[in-house]
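Below is one structure; the comments refer to it alone.
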There are 2 protein chains.
Amino acid sequence: MPDIKHFNPEIVLDEAIQVFWRHGLPTTGIQALVSATGVSRSSLYATFGNKDGLYAAALDRYIAQHSTPAFAHLAQASAGLTSIEEFFAGLIEVRCSGPVAGWGCMVTNAYAGPECADTGIRTLLEDHHHMLQSAMRAALTNAADLGQLQPSCDLDASAAVLATLAYGVNLRSRAGADAQTLTDTVAAALAPLRAPLTPQEQPPQ
Amino acid sequence: MPDIKHFNPEIVLDEAIQVFWRHGLPTTGIQALVSATGVSRSSLYATFGNKDGLYAAALDRYIAQHSTPAFAHLAQASAGLTSIEEFFAGLIEVRCSGPVAGWGCMVTNAYAGPECADTGIRTLLEDHHHMLQSAMRAALTNAADLGQLQPSCDLDASAAVLATLAYGVNLRSRAGADAQTLTDTVAAALAPLRAPLTPQEQPPQ
DNA sequence: CGTATCTTGGAATGACCGTTCCAAGATACG
DNA sequence: CGTATCTTGGAACGGTCATTCCAAGATACG
């Protein structure tokens, strides 16, 4: 008997992500979401409760769509330090060029906004951080198994450093930081972790 | 002939800093600023132009009052790596305990908000970043002179890493990150830069 | 086809937004 | 003391905010 929704909530969330990601939670009005999604106020409220609920759902989906796949790739890749370099290279490319250049990371942005005080959002941020750090730790473990790391390297602590550094990269990209500069910074953070090259790995002089 | 201001603009800025720092630019209304400063709308507009002008002046003063002294101390301190450790220790203490715990850094917050798109604000952020990085570089130079660093350490690149890491620390503190965890993370970032202890520096076994 | 049930568009709500305006008050010189 | 000039408090501005409400539309079962 009942009518069914005339729109796909997941697609609506994808469009809401764009708006929230670009403009932030407080600066985004309901009208902007109505215009971007093509769905009326009533339907948005019936589906997501209110603006904060829509934002929470959008952030959750952002993590699932953008963060989680990158973390999974980082954790599963078997190239050791190269995988970490590729993770950061992909991050910097997205942040500094292409359609979302200058938007930063929606999660990182959420840290600095009033939404960070919300309990539900805080949980998403904490889960995200744990996933990032675990993935980084897994990649470092892999690198250690490949003999790429200094034996003295503390894997957990190094994972925390690299995860924290990623937030800084996301922030700096919003101010227009140069991609090459960010890449060099990441390289400098990885360099001291690296084991000295064995003789047969030495590049020809 | 003219009347003079009935308030001290610098004190008003100090109170505006508190409000903007805590709640962010978009979430702060003029009324909140009027209440916090005790100065009427007219006077605020006559003195600072508009809300964005007041915010820009507040951010500028925040940097002068909070960032610049810490950077100056970092750059001038002669204790090498210990000075860097103390810089981060002070940062983490302010972020995680005391009256502004959980507020993060007003500059770091500005990176993630819509104000980052403003040219004047962007200039303040860029100047701030340059000051932070230069101070870090100066402290590292000092550490190198004291023989505390690996000879292979790239001072410029390491300064960029530590500066970027500081943004991450500021962000994570807003989500309630544990102070000890942040301290450990900073220690892990500094550890691989450190030169091996010379025999006479070895602690007694 | 009728009807029960949910969805939808759009108007209406009251509150607050940043900003402007003006009369009243305060000042310091002549 | 008068007066020119700036400051100040507070009202008033149109616009936008998030949210609610309701009638009209769409659906799918009987």
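Residues are named by chain letter and number: chains run A, B, ... in the order of the structure tokens, numbers start at 1 in each chain, and ligands are numbered from 1 in the order shown.
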Next item on the list: Might you pull out every residue within 10 Å of Ser43 in chain A, with only C-alpha atoms (C1' of nucleotides) counted and same-chain residues fewer than 2 positions away left off, and present them as a ChimeraX atom specification?
Entry: /A:5-7,9,34,39-41,45-49 /C:7-9
For Ala57 in chain A: contacts at 12 Å, only C-alpha atoms (C1' of nucleotides), fewer than 2 positions along chain excluded, given as a short mmCIF file (atom, residue, chain, number, x, y, z; two decimals) with N, CA and C atoms, in the first residue's frame:
```cif
data_model
loop_
_atom_site.label_atom_id
_atom_site.label_comp_id
_atom_site.auth_asym_id
_atom_site.auth_seq_id
_atom_site.Cartn_x
_atom_site.Cartn_y
_atom_site.Cartn_z
N PRO A 9 18.57 7.11 -1.65
CA PRO A 9 19.24 7.81 -0.55
C PRO A 9 20.76 7.80 -0.67
N GLU A 10 21.31 6.75 -1.21
CA GLU A 10 22.78 6.69 -1.29
C GLU A 10 23.31 7.70 -2.30
N ILE A 11 22.58 7.88 -3.38
CA ILE A 11 23.01 8.88 -4.37
C ILE A 11 22.85 10.28 -3.78
N VAL A 12 21.77 10.47 -3.04
CA VAL A 12 21.58 11.75 -2.37
C VAL A 12 22.74 12.02 -1.40
N LEU A 13 23.17 10.98 -0.69
CA LEU A 13 24.29 11.14 0.22
C LEU A 13 25.56 11.52 -0.54
N ASP A 14 25.75 10.91 -1.69
CA ASP A 14 26.94 11.24 -2.48
C ASP A 14 26.95 12.72 -2.84
N GLU A 15 25.78 13.24 -3.18
CA GLU A 15 25.73 14.65 -3.54
C GLU A 15 25.87 15.54 -2.31
N ALA A 16 25.32 15.07 -1.18
CA ALA A 16 25.47 15.83 0.07
C ALA A 16 26.94 15.87 0.49
N ILE A 17 27.64 14.77 0.26
CA ILE A 17 29.07 14.73 0.60
C ILE A 17 29.80 15.86 -0.11
N PHE A 20 28.92 19.25 1.67
CA PHE A 20 29.49 19.35 3.01
C PHE A 20 31.02 19.39 2.95
N LEU A 44 14.17 15.07 2.57
CA LEU A 44 15.44 15.01 3.29
C LEU A 44 15.21 14.80 4.78
N THR A 47 13.93 11.36 5.59
CA THR A 47 14.93 10.28 5.41
C THR A 47 16.05 10.35 6.43
N PHE A 48 16.52 11.58 6.72
CA PHE A 48 17.73 11.71 7.54
C PHE A 48 17.48 12.40 8.87
N GLY A 49 16.26 12.78 9.16
CA GLY A 49 15.95 13.37 10.46
C GLY A 49 16.12 14.88 10.46
N ASN A 50 17.37 15.32 10.41
CA ASN A 50 17.63 16.75 10.34
C ASN A 50 19.00 16.97 9.69
N LYS A 51 19.43 18.22 9.71
CA LYS A 51 20.68 18.54 9.03
C LYS A 51 21.86 17.79 9.62
N ASP A 52 21.92 17.72 10.95
CA ASP A 52 23.03 17.02 11.58
C ASP A 52 23.00 15.53 11.24
N GLY A 53 21.80 14.97 11.17
CA GLY A 53 21.70 13.56 10.81
C GLY A 53 22.17 13.31 9.39
N LEU A 54 21.81 14.23 8.51
CA LEU A 54 22.26 14.11 7.12
C LEU A 54 23.78 14.22 7.04
N TYR A 55 24.32 15.17 7.82
CA TYR A 55 25.78 15.33 7.82
C TYR A 55 26.46 14.08 8.34
N LEU A 59 29.11 11.91 6.32
CA LEU A 59 30.49 11.67 6.76
C LEU A 59 30.77 10.18 6.86
N ASP A 60 29.79 9.46 7.35
CA ASP A 60 29.95 8.01 7.45
C ASP A 60 30.18 7.41 6.05
N ARG A 61 29.41 7.87 5.10
CA ARG A 61 29.55 7.34 3.74
C ARG A 61 30.86 7.82 3.10
N TYR A 62 31.26 9.03 3.42
CA TYR A 62 32.56 9.52 2.92
C TYR A 62 33.68 8.58 3.36
N ILE A 63 33.65 8.22 4.63
CA ILE A 63 34.70 7.33 5.14
C ILE A 63 34.64 5.99 4.42
N ALA A 64 33.43 5.48 4.27
CA ALA A 64 33.30 4.17 3.62
C ALA A 64 33.75 4.21 2.17
N GLY A 120 28.34 11.44 18.23
CA GLY A 120 28.29 10.52 17.10
C GLY A 120 29.41 10.79 16.11
N ILE A 121 29.65 12.07 15.82
CA ILE A 121 30.74 12.43 14.91
C ILE A 121 32.07 12.03 15.52
N LEU A 124 32.86 8.53 14.83
CA LEU A 124 33.32 8.32 13.45
C LEU A 124 34.79 8.72 13.31
#
```
Checklist line | Test item: chain A residues at most 8 Å from chain D, counting only C-alpha atoms (C1' of nucleotides), as an MDAnalysis selection string | finding: chainID A and resid 1:4 29:30 51
Next item on the list: Based on DSSP run over this structure's backbone, return all residues of chain A in alpha helix (DSSP H), as an NGL selection string.
Entry: :A and (9-23 or 30-37 or 41-48 or 51-62 or 68-76 or 81-96 or 106-112 or 119-145 or 155-174 or 179-190)
Find the nearest atom pair between each residue of chain B and chain A for residues within 6 Å, count only C-alpha atoms, give distances in Å to one decimal, sort rows by chain and ascending number, and present the table as a Markdown table.
```
| residue | atom | partner | partner_atom | distance |
| --- | --- | --- | --- | --- |
| B:Asn109 | CA | A:Ala112 | CA | 4.9 |
| B:Tyr111 | CA | A:Leu171 | CA | 6.0 |
| B:Ala112 | CA | A:Asn109 | CA | 4.9 |
| B:Ala157 | CA | A:Ala188 | CA | 5.7 |
| B:Ala160 | CA | A:Thr185 | CA | 6.0 |
| B:Val161 | CA | A:Thr185 | CA | 5.5 |
| B:Thr164 | CA | A:Gly168 | CA | 4.8 |
| B:Leu165 | CA | A:Leu165 | CA | 4.9 |
| B:Tyr167 | CA | A:Gly168 | CA | 5.0 |
| B:Gly168 | CA | A:Thr164 | CA | 4.8 |
| B:Leu171 | CA | A:Tyr111 | CA | 6.0 |
| B:Thr185 | CA | A:Val161 | CA | 5.5 |
| B:Ala188 | CA | A:Ala157 | CA | 5.7 |
| B:Pro192 | CA | A:Pro192 | CA | 5.7 |
```
Enumerate, in order of chain and increasing residue number, the residues of chain C with an atom no farther than 6 Å from chain B, each with its shortest atom pair and distance in Å to one decimal, counting only C-alpha atoms (C1' of nucleotides), as JSON lines.
```
{"residue": "C:DT27", "atom": "C1'", "partner": "B:Asp3", "partner_atom": "CA", "distance": 4.3}
{"residue": "C:DA28", "atom": "C1'", "partner": "B:Met1", "partner_atom": "CA", "distance": 4.5}
{"residue": "C:DC29", "atom": "C1'", "partner": "B:Met1", "partner_atom": "CA", "distance": 5.5}
```
Write out the residues from the selection above, keeping C-alpha atoms (C1' of nucleotides), as a compact mmCIF listing (two decimals), in the first residue's frame.
```txt
# COMPACT_ATOMS: atom_id res chain seq x y z
C1' DT C 27 34.47 64.54 24.56
C1' DA C 28 37.81 68.53 23.90
C1' DC C 29 38.73 72.61 21.71
```
